[in-house]
file my_file_14.cif (mmCIF, C-alpha atoms and all ligand atoms)
data_coords
#
loop_
_atom_site.label_atom_id
_atom_site.label_comp_id
_atom_site.auth_asym_id
_atom_site.auth_seq_id
_atom_site.Cartn_x
_atom_site.Cartn_y
_atom_site.Cartn_z
CA MET A 1134 15.24 19.11 13.19
CA SER A 1135 15.01 15.35 12.98
CA GLU A 1136 13.04 13.46 10.38
CA GLU A 1137 10.39 12.25 12.79
CA PHE A 1138 9.82 15.02 15.29
CA TRP A 1139 8.98 18.67 14.97
CA ASP A 1140 10.45 19.40 18.39
CA PRO A 1141 12.68 16.43 19.32
CA LYS A 1142 13.82 17.97 22.59
CA ILE A 1143 10.30 18.15 23.99
CA GLU A 1144 8.79 15.19 22.18
CA THR A 1145 11.44 12.75 23.42
CA MET A 1146 12.17 14.34 26.79
CA PRO A 1147 12.46 11.85 29.66
CA LEU A 1148 9.19 11.79 31.62
CA LYS A 1149 10.97 12.88 34.78
CA ASP A 1150 12.29 16.03 33.10
CA LEU A 1151 8.91 16.70 31.56
CA LYS A 1152 7.29 16.53 34.98
CA GLU A 1153 9.85 18.95 36.36
CA LEU A 1154 9.05 21.35 33.55
CA GLN A 1155 5.33 20.93 34.22
CA LEU A 1156 5.78 21.65 37.91
CA LYS A 1157 7.81 24.78 37.25
CA ARG A 1158 5.16 26.00 34.83
CA LEU A 1159 2.28 25.06 37.14
CA LYS A 1160 3.79 27.11 39.98
CA ASN A 1161 4.14 30.11 37.68
CA LEU A 1162 0.63 29.64 36.38
CA VAL A 1163 -1.01 29.57 39.79
CA LYS A 1164 0.82 32.73 40.81
CA TYR A 1165 -0.11 34.31 37.49
CA ILE A 1166 -3.85 33.70 37.76
CA TYR A 1167 -3.84 34.61 41.46
CA ASP A 1168 -2.25 37.96 40.69
CA ASN A 1169 -4.01 38.81 37.45
CA ASN A 1170 -7.64 37.76 37.56
CA LYS A 1171 -10.23 38.75 40.11
CA TYR A 1172 -12.35 35.67 39.60
CA TYR A 1173 -9.49 33.19 39.82
CA ASN A 1174 -8.13 35.04 42.84
CA GLN A 1175 -11.46 34.75 44.59
CA LYS A 1176 -11.84 31.06 43.67
CA LEU A 1177 -8.40 30.26 45.07
CA LYS A 1178 -9.09 32.18 48.26
CA GLU A 1179 -12.38 30.32 48.71
CA ALA A 1180 -10.51 27.04 48.29
CA ASN A 1181 -7.93 28.29 50.77
CA VAL A 1182 -4.98 27.86 48.41
CA LYS A 1183 -2.10 30.26 47.91
CA PRO A 1184 0.40 30.11 45.06
CA GLY A 1185 3.09 28.95 47.52
CA ASP A 1186 1.03 25.85 48.35
CA ILE A 1187 1.87 24.25 45.00
CA LYS A 1188 4.95 22.19 45.80
CA THR A 1189 4.33 19.03 43.77
CA LEU A 1190 2.26 18.21 40.69
CA ASP A 1191 -0.26 16.43 42.92
CA ASP A 1192 -0.90 19.72 44.67
CA ILE A 1193 -2.91 20.68 41.60
CA GLN A 1194 -5.70 18.71 43.27
CA LYS A 1195 -6.01 21.52 45.81
CA LEU A 1196 -7.17 23.87 43.06
CA PRO A 1197 -10.87 24.22 42.25
CA PHE A 1198 -12.23 22.92 38.94
CA LEU A 1199 -13.29 25.14 36.09
CA THR A 1200 -16.61 24.13 34.56
CA LYS A 1201 -18.72 25.03 31.53
CA GLN A 1202 -21.01 26.80 33.97
CA ASP A 1203 -18.13 29.06 35.07
CA LEU A 1204 -17.40 29.93 31.46
CA ARG A 1205 -21.00 30.91 30.88
CA GLU A 1206 -21.00 33.02 34.00
CA TYR A 1207 -17.85 34.93 33.01
CA TYR A 1208 -18.75 35.25 29.33
CA PRO A 1209 -17.12 36.69 27.31
CA PHE A 1210 -13.88 38.01 28.84
CA GLY A 1211 -14.24 37.57 32.60
CA LEU A 1212 -11.41 35.04 32.87
CA VAL A 1213 -8.89 37.00 30.82
CA CYS A 1214 -5.64 37.50 32.75
CA THR A 1215 -4.09 40.18 30.51
CA GLU A 1216 -5.26 43.59 29.39
CA ILE A 1217 -8.02 43.26 26.80
CA ASP A 1218 -5.70 45.28 24.52
CA ASP A 1219 -3.22 42.40 24.52
CA ILE A 1220 -5.71 40.08 22.84
CA VAL A 1221 -5.00 39.75 19.11
CA GLU A 1222 -7.41 36.99 18.11
CA VAL A 1223 -10.67 35.60 19.40
CA HIS A 1224 -12.50 32.39 18.63
CA ALA A 1225 -15.70 30.89 19.91
CA SER A 1226 -17.49 27.59 19.71
CA SER A 1227 -21.22 27.30 19.46
CA GLY A 1228 -22.24 26.45 22.98
CA THR A 1229 -24.50 23.44 22.68
CA THR A 1230 -26.60 25.03 25.36
CA GLY A 1231 -26.63 28.74 25.99
CA LYS A 1232 -23.77 31.10 25.35
CA PRO A 1233 -20.75 30.32 23.18
CA VAL A 1234 -17.39 29.44 24.69
CA VAL A 1235 -14.89 32.19 23.96
CA GLY A 1236 -11.20 31.60 23.27
CA PRO A 1237 -9.08 34.78 23.40
CA TYR A 1238 -5.38 34.70 22.38
CA THR A 1239 -2.44 37.04 22.93
CA GLN A 1240 0.37 37.19 20.36
CA ASN A 1241 2.27 34.58 22.39
CA ASP A 1242 -0.80 32.36 22.57
CA VAL A 1243 -1.14 32.51 18.80
CA GLU A 1244 2.54 31.53 18.48
CA LEU A 1245 2.03 28.66 20.91
CA TRP A 1246 -1.01 27.47 18.98
CA GLY A 1247 0.92 27.43 15.72
CA GLU A 1248 3.70 25.52 17.43
CA VAL A 1249 1.53 22.74 18.90
CA MET A 1250 -0.41 22.44 15.64
CA ALA A 1251 2.84 22.19 13.69
CA ARG A 1252 3.90 19.43 16.07
CA ALA A 1253 0.62 17.62 15.49
CA LEU A 1254 0.63 17.93 11.70
CA TYR A 1255 4.32 17.04 11.47
CA ALA A 1256 3.60 13.90 13.50
CA ASN A 1257 0.91 13.07 10.88
CA GLY A 1258 3.59 13.29 8.20
CA LEU A 1259 2.85 16.77 6.84
CA ARG A 1260 5.95 18.40 5.37
CA LYS A 1261 6.95 21.57 3.53
CA LYS A 1262 6.30 20.02 0.13
CA ASP A 1263 2.69 19.18 1.00
CA VAL A 1264 -0.48 20.93 -0.11
CA MET A 1265 -3.08 20.94 2.65
CA GLN A 1266 -6.67 21.51 1.61
CA ASN A 1267 -8.23 23.15 4.64
CA SER A 1268 -11.90 22.20 4.46
CA TYR A 1269 -12.86 23.06 8.00
CA GLY A 1270 -15.25 25.99 8.09
CA TYR A 1271 -13.45 29.32 8.42
CA GLY A 1272 -15.13 31.54 10.96
CA LEU A 1273 -15.29 31.92 14.70
CA PHE A 1274 -14.71 28.19 15.19
CA THR A 1275 -11.07 27.36 16.01
CA GLY A 1276 -10.64 24.38 13.63
CA ALA A 1277 -9.65 25.92 10.29
CA HIS A 1278 -7.42 28.57 11.89
CA GLY A 1279 -5.44 26.14 14.02
CA PHE A 1280 -4.75 23.87 11.05
CA GLU A 1281 -3.75 26.83 8.91
CA LYS A 1282 -1.28 28.16 11.50
CA GLY A 1283 0.36 24.77 12.04
CA ALA A 1284 0.66 23.90 8.35
CA GLN A 1285 2.11 27.31 7.51
CA LYS A 1286 4.63 26.99 10.30
CA ILE A 1287 5.80 23.74 8.68
CA GLY A 1288 5.90 25.61 5.38
CA ALA A 1289 3.24 23.56 3.61
CA MET A 1290 0.89 25.22 1.13
CA VAL A 1291 -2.52 25.85 2.68
CA VAL A 1292 -5.55 25.89 0.41
CA THR A 1293 -8.01 28.00 2.40
CA ILE A 1294 -11.15 26.66 0.80
CA SER A 1295 -13.29 26.33 3.96
CA SER A 1296 -16.17 23.84 4.05
CA GLY A 1297 -19.01 23.40 1.59
CA ASN A 1298 -19.37 23.71 -2.18
CA THR A 1299 -18.28 20.13 -2.50
CA LYS A 1300 -17.88 19.89 -6.28
CA ARG A 1301 -15.50 22.81 -6.11
CA GLN A 1302 -13.60 21.00 -3.36
CA ILE A 1303 -13.08 18.08 -5.69
CA ASN A 1304 -12.00 20.27 -8.60
CA VAL A 1305 -9.55 22.14 -6.40
CA MET A 1306 -8.22 18.92 -4.93
CA LYS A 1307 -7.55 17.69 -8.44
CA ASP A 1308 -6.15 20.93 -9.92
CA PHE A 1309 -4.03 22.05 -6.95
CA GLY A 1310 -2.75 18.55 -6.25
CA SER A 1311 -3.78 18.51 -2.59
CA THR A 1312 -1.78 15.91 -0.66
CA ALA A 1313 -3.49 16.43 2.69
CA ILE A 1314 -7.05 17.18 3.67
CA ALA A 1315 -8.23 18.76 6.92
CA CYS A 1316 -11.93 18.45 7.72
CA THR A 1317 -14.41 16.38 9.72
CA PRO A 1318 -14.29 12.65 8.92
CA SER A 1319 -17.92 12.65 7.83
CA TYR A 1320 -17.30 15.50 5.39
CA SER A 1321 -14.44 13.56 3.81
CA MET A 1322 -16.83 10.67 3.20
CA TYR A 1323 -19.34 12.98 1.60
CA MET A 1324 -16.54 14.38 -0.58
CA ALA A 1325 -15.68 10.85 -1.69
CA GLU A 1326 -19.32 10.31 -2.63
CA VAL A 1327 -19.36 13.50 -4.70
CA ALA A 1328 -15.99 12.66 -6.31
CA GLU A 1329 -17.47 9.33 -7.42
CA GLU A 1330 -20.54 11.05 -8.82
CA MET A 1331 -18.21 13.28 -10.82
CA GLY A 1332 -16.64 10.18 -12.31
CA TYR A 1333 -13.46 10.02 -10.22
CA ASP A 1334 -11.98 7.17 -8.27
CA PRO A 1335 -11.04 8.76 -4.94
CA LYS A 1336 -8.23 6.25 -4.44
CA LYS A 1337 -6.55 6.74 -7.80
CA ASP A 1338 -7.37 10.10 -9.26
CA PHE A 1339 -5.96 12.38 -6.55
CA LYS A 1340 -2.63 12.94 -4.82
CA LEU A 1341 -4.17 12.81 -1.37
CA LYS A 1342 -2.22 10.81 1.23
CA ILE A 1343 -2.89 12.32 4.66
CA GLY A 1344 -6.20 13.05 6.36
CA CYS A 1345 -6.22 15.40 9.37
CA PHE A 1346 -9.56 14.80 10.96
CA GLY A 1347 -11.26 16.08 14.07
CA ALA A 1348 -14.18 17.94 15.62
CA GLU A 1349 -16.30 14.81 15.55
CA ALA A 1350 -16.56 11.54 17.47
CA TRP A 1351 -15.82 8.67 15.07
CA SER A 1352 -15.06 5.01 15.56
CA ASN A 1353 -11.91 3.18 14.49
CA GLU A 1354 -14.11 1.29 12.03
CA MET A 1355 -15.12 4.57 10.40
CA ARG A 1356 -11.49 5.58 10.33
CA SER A 1357 -10.53 2.48 8.39
CA ASN A 1358 -13.40 3.10 5.96
CA VAL A 1359 -12.14 6.63 5.33
CA GLU A 1360 -8.64 5.27 4.74
CA LYS A 1361 -9.82 2.61 2.31
CA ARG A 1362 -12.13 4.91 0.42
CA TRP A 1363 -9.49 7.59 -0.20
CA GLY A 1364 -6.36 5.45 -0.01
CA ILE A 1365 -4.91 7.70 2.71
CA THR A 1366 -3.73 7.53 6.31
CA ALA A 1367 -6.34 9.15 8.53
CA HIS A 1368 -5.23 10.90 11.71
CA GLU A 1369 -7.25 12.02 14.66
CA HIS A 1370 -6.98 15.53 16.09
CA TYR A 1371 -8.33 16.43 19.48
CA GLY A 1372 -8.75 19.82 21.04
CA LEU A 1373 -11.15 22.21 22.70
CA THR A 1374 -11.83 25.92 22.40
CA GLU A 1375 -11.45 26.19 26.18
CA ILE A 1376 -7.90 24.84 26.00
CA ILE A 1377 -6.52 26.24 22.73
CA GLY A 1378 -8.53 24.66 19.90
CA PRO A 1379 -6.97 21.77 17.97
CA GLY A 1380 -3.35 21.04 18.91
CA VAL A 1381 -3.85 19.62 22.38
CA VAL A 1382 -2.57 16.24 21.16
CA SER A 1383 -0.37 14.99 18.31
CA GLU A 1384 -1.26 11.66 16.76
CA CYS A 1385 1.85 9.73 15.79
CA LYS A 1386 2.39 7.16 13.04
CA LYS A 1387 1.38 4.46 15.54
CA LYS A 1388 -1.92 6.29 15.90
CA LYS A 1389 -1.38 7.14 19.54
CA LEU A 1390 -2.58 10.52 20.79
CA HIS A 1391 0.40 12.15 22.49
CA ILE A 1392 -0.56 15.00 24.76
CA ASN A 1393 1.49 18.15 24.28
CA ALA A 1394 2.09 17.92 27.98
CA ASP A 1395 4.69 20.68 28.21
CA HIS A 1396 1.76 23.06 27.61
CA PHE A 1397 -1.31 21.07 28.67
CA TYR A 1398 -1.44 19.19 31.95
CA THR A 1399 -3.88 16.29 32.02
CA GLU A 1400 -5.76 14.68 34.85
CA VAL A 1401 -8.40 11.98 34.65
CA ILE A 1402 -11.08 12.09 37.30
CA ASP A 1403 -14.05 10.03 38.34
CA PRO A 1404 -16.90 12.13 36.91
CA ASP A 1405 -19.14 11.37 39.90
CA THR A 1406 -16.78 11.79 42.84
CA SER A 1407 -14.25 14.16 41.12
CA GLU A 1408 -11.45 12.06 42.54
CA THR A 1409 -8.24 11.86 40.54
CA LEU A 1410 -7.70 8.46 38.94
CA PRO A 1411 -4.35 6.77 38.30
CA PRO A 1412 -3.00 6.31 34.75
CA GLY A 1413 -4.76 3.48 32.92
CA GLU A 1414 -8.21 4.12 34.35
CA GLU A 1415 -11.04 5.58 32.34
CA GLY A 1416 -12.60 8.83 33.48
CA GLU A 1417 -13.26 12.45 32.60
CA LEU A 1418 -10.39 14.41 31.09
CA VAL A 1419 -9.40 17.55 32.96
CA PHE A 1420 -6.94 19.96 31.39
CA THR A 1421 -4.82 22.79 32.73
CA THR A 1422 -3.09 25.09 30.26
CA LEU A 1423 0.41 25.64 31.66
CA THR A 1424 1.59 28.47 29.41
CA LYS A 1425 -1.37 30.34 27.95
CA GLU A 1426 -1.59 34.06 28.73
CA ALA A 1427 -4.96 35.51 27.76
CA PHE A 1428 -7.19 32.78 29.11
CA PRO A 1429 -5.43 30.10 31.12
CA ALA A 1430 -7.79 27.25 31.88
CA VAL A 1431 -7.14 25.69 35.27
CA ARG A 1432 -8.52 22.19 35.82
CA PHE A 1433 -11.12 22.50 33.11
CA ARG A 1434 -13.61 19.64 33.21
CA THR A 1435 -14.07 18.56 29.59
CA ARG A 1436 -16.86 15.97 30.09
CA ASP A 1437 -14.91 13.83 27.61
CA LEU A 1438 -14.23 10.27 28.73
CA ALA A 1439 -10.81 8.76 28.04
CA VAL A 1440 -7.82 6.99 29.58
CA TYR A 1441 -4.42 8.57 30.29
CA TYR A 1442 -1.22 6.57 29.92
CA GLU A 1443 2.43 7.20 30.58
CA ASP A 1444 3.55 4.10 28.64
CA LYS A 1445 6.34 4.18 26.09
CA CYS A 1446 5.31 4.43 22.47
CA ASP A 1447 7.06 2.71 19.56
CA CYS A 1448 7.25 6.00 17.72
CA GLY A 1449 9.89 7.20 20.18
CA ARG A 1450 7.86 10.00 21.73
CA THR A 1451 7.85 10.16 25.51
CA LEU A 1452 4.91 12.55 25.69
CA PRO A 1453 2.04 10.93 27.64
CA ILE A 1454 -0.82 9.38 25.71
CA GLN A 1455 -4.57 9.69 25.92
CA SER A 1456 -6.94 7.12 24.47
CA ARG A 1457 -9.41 8.15 21.81
CA ILE A 1458 -12.45 9.79 23.34
CA LYS A 1459 -15.14 7.29 24.21
CA GLY A 1460 -17.67 10.06 24.01
CA ARG A 1461 -18.67 13.24 25.69
CA SER A 1462 -20.52 12.44 28.83
CA ASP A 1463 -23.20 14.72 27.31
CA ASP A 1464 -23.67 12.24 24.44
CA MET A 1465 -24.11 9.32 26.77
CA MET A 1466 -27.57 7.77 26.61
CA LYS A 1467 -29.17 5.43 29.08
CA VAL A 1468 -31.46 2.92 27.45
CA LYS A 1469 -33.15 0.24 29.55
CA GLY A 1470 -30.40 0.65 32.12
CA VAL A 1471 -27.62 0.26 29.53
CA ILE A 1472 -25.10 3.06 28.97
CA VAL A 1473 -24.83 3.73 25.23
CA PHE A 1474 -22.42 5.96 23.31
CA PRO A 1475 -23.19 6.77 19.66
CA SER A 1476 -19.64 5.67 18.73
CA GLN A 1477 -20.42 2.13 19.97
CA ILE A 1478 -23.38 1.91 17.63
CA GLU A 1479 -21.23 3.23 14.79
CA ALA A 1480 -18.56 0.61 15.49
CA ALA A 1481 -21.23 -2.13 15.30
CA LEU A 1482 -22.82 -0.80 12.11
CA MET A 1483 -19.52 -0.53 10.27
CA LYS A 1484 -19.18 -4.32 10.52
CA VAL A 1485 -22.33 -4.88 8.48
CA GLU A 1486 -21.80 -6.05 4.93
CA GLY A 1487 -23.04 -3.61 2.30
CA ILE A 1488 -23.50 -0.65 4.65
CA SER A 1489 -22.55 2.85 3.55
CA ASP A 1490 -21.12 5.35 6.03
CA ASN A 1491 -24.43 7.06 6.47
CA TYR A 1492 -26.65 6.30 9.40
CA GLN A 1493 -28.73 8.04 12.00
CA ILE A 1494 -29.55 7.10 15.55
CA VAL A 1495 -33.11 8.04 16.34
CA LYS A 1496 -33.79 8.77 19.96
CA THR A 1497 -37.38 8.75 21.17
CA LYS A 1498 -38.36 9.92 24.61
CA LYS A 1499 -41.60 8.96 26.26
CA GLY A 1500 -41.69 10.43 29.74
CA ASP A 1501 -38.48 9.25 31.36
CA ILE A 1502 -38.02 6.35 29.00
CA THR A 1503 -35.56 6.69 26.15
CA SER A 1504 -35.66 4.24 23.29
CA LEU A 1505 -33.38 4.00 20.29
CA SER A 1506 -33.66 2.90 16.72
CA VAL A 1507 -31.28 3.20 13.80
CA GLU A 1508 -31.78 4.17 10.19
CA ALA A 1509 -28.93 3.08 7.96
CA GLU A 1510 -28.25 3.45 4.27
CA PRO A 1511 -26.94 0.40 2.46
CA THR A 1512 -24.67 1.10 -0.51
CA GLU A 1513 -26.47 1.56 -3.85
CA GLU A 1514 -25.33 -1.89 -4.87
CA ARG A 1515 -26.58 -3.54 -1.69
CA TRP A 1516 -29.88 -1.63 -1.97
CA ARG A 1517 -30.45 -2.97 -5.50
CA GLN A 1518 -29.83 -6.53 -4.33
CA GLY A 1519 -32.91 -6.38 -2.09
CA LYS A 1520 -33.45 -8.83 0.80
CA LEU A 1521 -32.91 -5.93 3.14
CA ASP A 1522 -34.33 -7.91 6.06
CA ASP A 1523 -31.00 -9.72 6.18
CA PHE A 1524 -29.14 -6.43 6.23
CA GLU A 1525 -31.28 -5.15 9.08
CA LYS A 1526 -30.97 -8.37 11.01
CA GLN A 1527 -27.17 -8.39 10.72
CA ALA A 1528 -27.00 -4.79 11.92
CA GLU A 1529 -29.24 -5.58 14.90
CA ASP A 1530 -27.07 -8.59 15.78
CA GLU A 1531 -23.87 -6.54 15.61
CA ILE A 1532 -25.34 -3.90 17.91
CA TYR A 1533 -26.60 -6.59 20.26
CA SER A 1534 -23.17 -8.20 20.46
CA ILE A 1535 -21.61 -4.91 21.59
CA LEU A 1536 -24.34 -3.48 23.80
CA ASN A 1537 -26.44 -6.47 24.81
CA LEU A 1538 -29.38 -4.36 23.80
CA HIS A 1539 -31.93 -4.84 21.07
CA VAL A 1540 -32.00 -1.75 18.84
CA PRO A 1541 -34.24 -2.00 15.76
CA VAL A 1542 -32.50 -1.09 12.49
CA LYS A 1543 -34.25 0.05 9.33
CA ALA A 1544 -32.58 0.08 5.93
CA ILE A 1545 -33.41 3.29 4.11
CA GLU A 1546 -32.82 4.35 0.53
CA PRO A 1547 -29.28 5.53 -0.28
CA LYS A 1548 -28.76 9.31 -0.14
CA THR A 1549 -31.79 10.08 2.01
CA ILE A 1550 -29.92 11.03 5.19
CA PRO A 1551 -28.82 14.68 4.98
CA ARG A 1552 -25.07 15.02 4.33
CA SER A 1553 -22.97 17.37 6.40
CA THR A 1554 -20.05 19.59 5.43
CA GLY A 1555 -19.11 20.01 9.09
CA LYS A 1556 -20.06 18.00 12.12
CA ALA A 1557 -22.44 15.20 11.17
CA LYS A 1558 -25.60 14.93 13.20
CA ARG A 1559 -25.59 11.26 14.13
CA VAL A 1560 -28.27 11.35 16.80
CA ILE A 1561 -31.65 12.90 16.17
CA GLU A 1562 -34.60 13.16 18.47
CA ARG A 1563 -38.11 12.43 17.37
ZN ZN A 1601 3.65 7.47 19.41
#

call {"tool": "encode", "arguments": {"input": "my_file_14.cif", "output": "structure tokens", "more": "lines below"}}
Ligand SMILES: [Zn+2]
result
Amino acid sequence: MSEEFWDPKIETMPLKDLKELQLKRLKNLVKYIYDNNKYYNQKLKEANVKPGDIKTLDDIQKLPFLTKQDLREYYPFGLVCTEIDDIVEVHASSGTTGKPVVGPYTQNDVELWGEVMARALYANGLRKKDVMQNSYGYGLFTGAHGFEKGAQKIGAMVVTISSGNTKRQINVMKDFGSTAIACTPSYSMYMAEVAEEMGYDPKKDFKLKIGCFGAEAWSNEMRSNVEKRWGITAHEHYGLTEIIGPGVVSECKKKKLHINADHFYTEVIDPDTSETLPPGEEGELVFTTLTKEAFPAVRFRTRDLAVYYEDKCDCGRTLPIQSRIKGRSDDMMKVKGVIVFPSQIEAALMKVEGISDNYQIVKTKKGDITSLSVEAEPTEERWRQGKLDDFEKQAEDEIYSILNLHVPVKAIEPKTIPRSTGKAKRVIER
């Protein structure tokens, strides 16, 4: 094992060889789903594709998409390609609308998950000597379990504290000497707030050096705030229950999201026409799991917008790269004809002097017309200084310079916006 890579053979494999491996696996996959699942078999027949028709990677475009709607229809185990007896673990995500999305795993799938998570955490710098405080909520949700499997595979110590009980988190972090934290970015900021209230300096009084963050859309500006506040390097994790949970990508030291493309094949499509787009163009991410057994996802439409690249990275990895997610197309808002993502507003707000990390976007709907306003907490110090009109004006100007849209901003008293120990609710409807 090299210093830098968990799996040097795969992580630095020439792109040409990687594509050969992908093609071999794709062929096997299509035959596998055709032979082992009634629904997939029927879908392929309707699309007039047989396993033998997959001769190149581009032939994947002949296969039908898998959508959230399909998952709801075949809830909970309709898409399973093994015997139900072969499933050893099940996860689920809270479906934002309707039924949850179910993620079943065979023993091999669990192994694979641990492997890709180990790759991801190792790329973040996690090593055997580290102590990872796992503050994702333990439960049906994939997050905590994926991080635990990967960290244990590396041989790090996992502190299985789950989310919540924030004072206890701080005490444990101090007493156990946690060197890495895994949670949502917003929860880490709340933890910093509580640590300060307890009389600690988050930067100096703990051994923390790595943050493994995910499950939430956050801007680069928020990332740098998290890093400054804790004195750590903050890494992004991206994944989906439909694909495997976290572990779909590994963020390297250069902060590029390398897709674990030997297991997950990525396409980017135009969300309106469903046409496949070339590398470098922004569109909807579509994933195919090449090696999963229990529930292989074939051309799953994520509704997440990003760009796919095959460029070389300075870290030495050859695995393809995806940009950070611009937003879920579900989160996209249209205001006076302007497309707005919450992360754009966050990026603007984080430039305002004296702002804390706590804000809320308030969405108001009158008939078909959506309007937005923002409530933001200044820091305690900034709040005491008064002249909050200036604060509001600066925030409005920053938003205007990004969106060309006037969004009124109101400064509200520090610690009035509810804090979250999981996914922060950044957009509320009134
Ligand atoms: Zn890299």

call {"tool": "closest_atom_pairs", "arguments": {"input": "my_file_14.cif", "of": "chain A", "to": "ligand ZN 1601 (chain A)", "cutoff": "10 Å", "atoms": "all atoms listed in the file", "output": "CSV"}}
result
residue,atom,partner,partner_atom,distance
A:Glu1144,CA,A:ZN1601,ZN,9.7
A:Ala1256,CA,A:ZN1601,ZN,8.7
A:Ser1383,CA,A:ZN1601,ZN,8.6
A:Glu1384,CA,A:ZN1601,ZN,7.0
A:Cys1385,CA,A:ZN1601,ZN,4.6
A:Lys1386,CA,A:ZN1601,ZN,6.5
A:Lys1387,CA,A:ZN1601,ZN,5.4
A:Lys1388,CA,A:ZN1601,ZN,6.7
A:Lys1389,CA,A:ZN1601,ZN,5.0
A:Leu1390,CA,A:ZN1601,ZN,7.1
A:His1391,CA,A:ZN1601,ZN,6.5
A:Asp1444,CA,A:ZN1601,ZN,9.8
A:Lys1445,CA,A:ZN1601,ZN,7.9
A:Cys1446,CA,A:ZN1601,ZN,4.6
A:Asp1447,CA,A:ZN1601,ZN,5.9
A:Cys1448,CA,A:ZN1601,ZN,4.2
A:Gly1449,CA,A:ZN1601,ZN,6.3
A:Arg1450,CA,A:ZN1601,ZN,5.4
A:Thr1451,CA,A:ZN1601,ZN,7.9
A:Leu1452,CA,A:ZN1601,ZN,8.2
A:Pro1453,CA,A:ZN1601,ZN,9.1
A:Ile1454,CA,A:ZN1601,ZN,8.0

call {"tool": "write_last_selection", "arguments": {"input": "my_file_14.cif", "atoms": "C-alpha atoms", "output": "PDB file, in the frame of the given file"}}
result
ATOM      1  CA  GLU A1144       8.790  15.190  22.180  1.00  0.00           C
ATOM      2  CA  ALA A1256       3.600  13.900  13.500  1.00  0.00           C
ATOM      3  CA  SER A1383      -0.370  14.990  18.310  1.00  0.00           C
ATOM      4  CA  GLU A1384      -1.260  11.660  16.760  1.00  0.00           C
ATOM      5  CA  CYS A1385       1.850   9.730  15.790  1.00  0.00           C
ATOM      6  CA  LYS A1386       2.390   7.160  13.040  1.00  0.00           C
ATOM      7  CA  LYS A1387       1.380   4.460  15.540  1.00  0.00           C
ATOM      8  CA  LYS A1388      -1.920   6.290  15.900  1.00  0.00           C
ATOM      9  CA  LYS A1389      -1.380   7.140  19.540  1.00  0.00           C
ATOM     10  CA  LEU A1390      -2.580  10.520  20.790  1.00  0.00           C
ATOM     11  CA  HIS A1391       0.400  12.150  22.490  1.00  0.00           C
ATOM     12  CA  ASP A1444       3.550   4.100  28.640  1.00  0.00           C
ATOM     13  CA  LYS A1445       6.340   4.180  26.090  1.00  0.00           C
ATOM     14  CA  CYS A1446       5.310   4.430  22.470  1.00  0.00           C
ATOM     15  CA  ASP A1447       7.060   2.710  19.560  1.00  0.00           C
ATOM     16  CA  CYS A1448       7.250   6.000  17.720  1.00  0.00           C
ATOM     17  CA  GLY A1449       9.890   7.200  20.180  1.00  0.00           C
ATOM     18  CA  ARG A1450       7.860  10.000  21.730  1.00  0.00           C
ATOM     19  CA  THR A1451       7.850  10.160  25.510  1.00  0.00           C
ATOM     20  CA  LEU A1452       4.910  12.550  25.690  1.00  0.00           C
ATOM     21  CA  PRO A1453       2.040  10.930  27.640  1.00  0.00           C
ATOM     22  CA  ILE A1454      -0.820   9.380  25.710  1.00  0.00           C
TER      23      ILE A1454
END

call {"tool": "residues_around", "arguments": {"input": "my_file_14.cif", "residues": "Gly1555 in chain A", "least_positions_apart": "4", "cutoff": "9 Å", "atoms": "all atoms listed in the file", "output": "list in words"}}
result
Ser1268, Tyr1269, Gly1270, Ser1296, Gly1297, Cys1316, Thr1317, Pro1318, Ser1319, Tyr1320, Ala1348 and Glu1349 of chain A

call {"tool": "residues_around", "arguments": {"input": "my_file_14.cif", "residues": "Ile1488 in chain A", "least_positions_apart": "6", "cutoff": "9 Å", "atoms": "all atoms listed in the file", "output": "ChimeraX atom specification"}}
result
/A:1482,1509-1512,1515,1524

call {"tool": "closest_residue", "arguments": {"input": "my_file_14.cif", "among": "A:Ile1187, A:Met1146, A:Ile1166, A:Met1466", "to": "Asn1393 in chain A", "atoms": "only C-alpha atoms"}}
result
A:Met1146

call {"tool": "residues_around", "arguments": {"input": "my_file_14.cif", "residues": "Arg1563 in chain A", "least_positions_apart": "5", "cutoff": "9 Å", "atoms": "all atoms listed in the file", "output": "number ranges by chain"}}
result
A: 1495-1498

call {"tool": "write_last_selection", "arguments": {"input": "my_file_14.cif", "atoms": "C-alpha atoms", "output": "PDB file, in the coordinates of the input"}}
result
ATOM      1  CA  VAL A1495     -33.110   8.040  16.340  1.00  0.00           C
ATOM      2  CA  LYS A1496     -33.790   8.770  19.960  1.00  0.00           C
ATOM      3  CA  THR A1497     -37.380   8.750  21.170  1.00  0.00           C
ATOM      4  CA  LYS A1498     -38.360   9.920  24.610  1.00  0.00           C
TER       5      LYS A1498
END

call {"tool": "atom_distance", "arguments": {"input": "my_file_14.cif", "atom1": "CA of Val1419 in chain A", "atom2": "CA of Ile1220 in chain A"}}
result
25.0 Å

call {"tool": "closest_atom_pairs", "arguments": {"input": "my_file_14.cif", "of": "range 1375-1408 of chain A", "to": "range 1228-1244 of chain A", "cutoff": "10 Å", "atoms": "only C-alpha atoms", "output": "Markdown table"}}
result
| residue | atom | partner | partner_atom | distance |
| --- | --- | --- | --- | --- |
| A:Glu1375 | CA | A:Gly1236 | CA | 6.1 |
| A:Ile1376 | CA | A:Gly1236 | CA | 8.0 |
| A:Ile1377 | CA | A:Gly1236 | CA | 7.1 |
| A:Gly1378 | CA | A:Gly1236 | CA | 8.2 |

call {"tool": "write_last_selection", "arguments": {"input": "my_file_14.cif", "atoms": "C-alpha atoms", "output": "PDB file, keeping the file's coordinate frame"}}
result
ATOM      1  CA  GLU A1375     -11.450  26.190  26.180  1.00  0.00           C
ATOM      2  CA  ILE A1376      -7.900  24.840  26.000  1.00  0.00           C
ATOM      3  CA  ILE A1377      -6.520  26.240  22.730  1.00  0.00           C
ATOM      4  CA  GLY A1378      -8.530  24.660  19.900  1.00  0.00           C
TER       5      GLY A1378
END
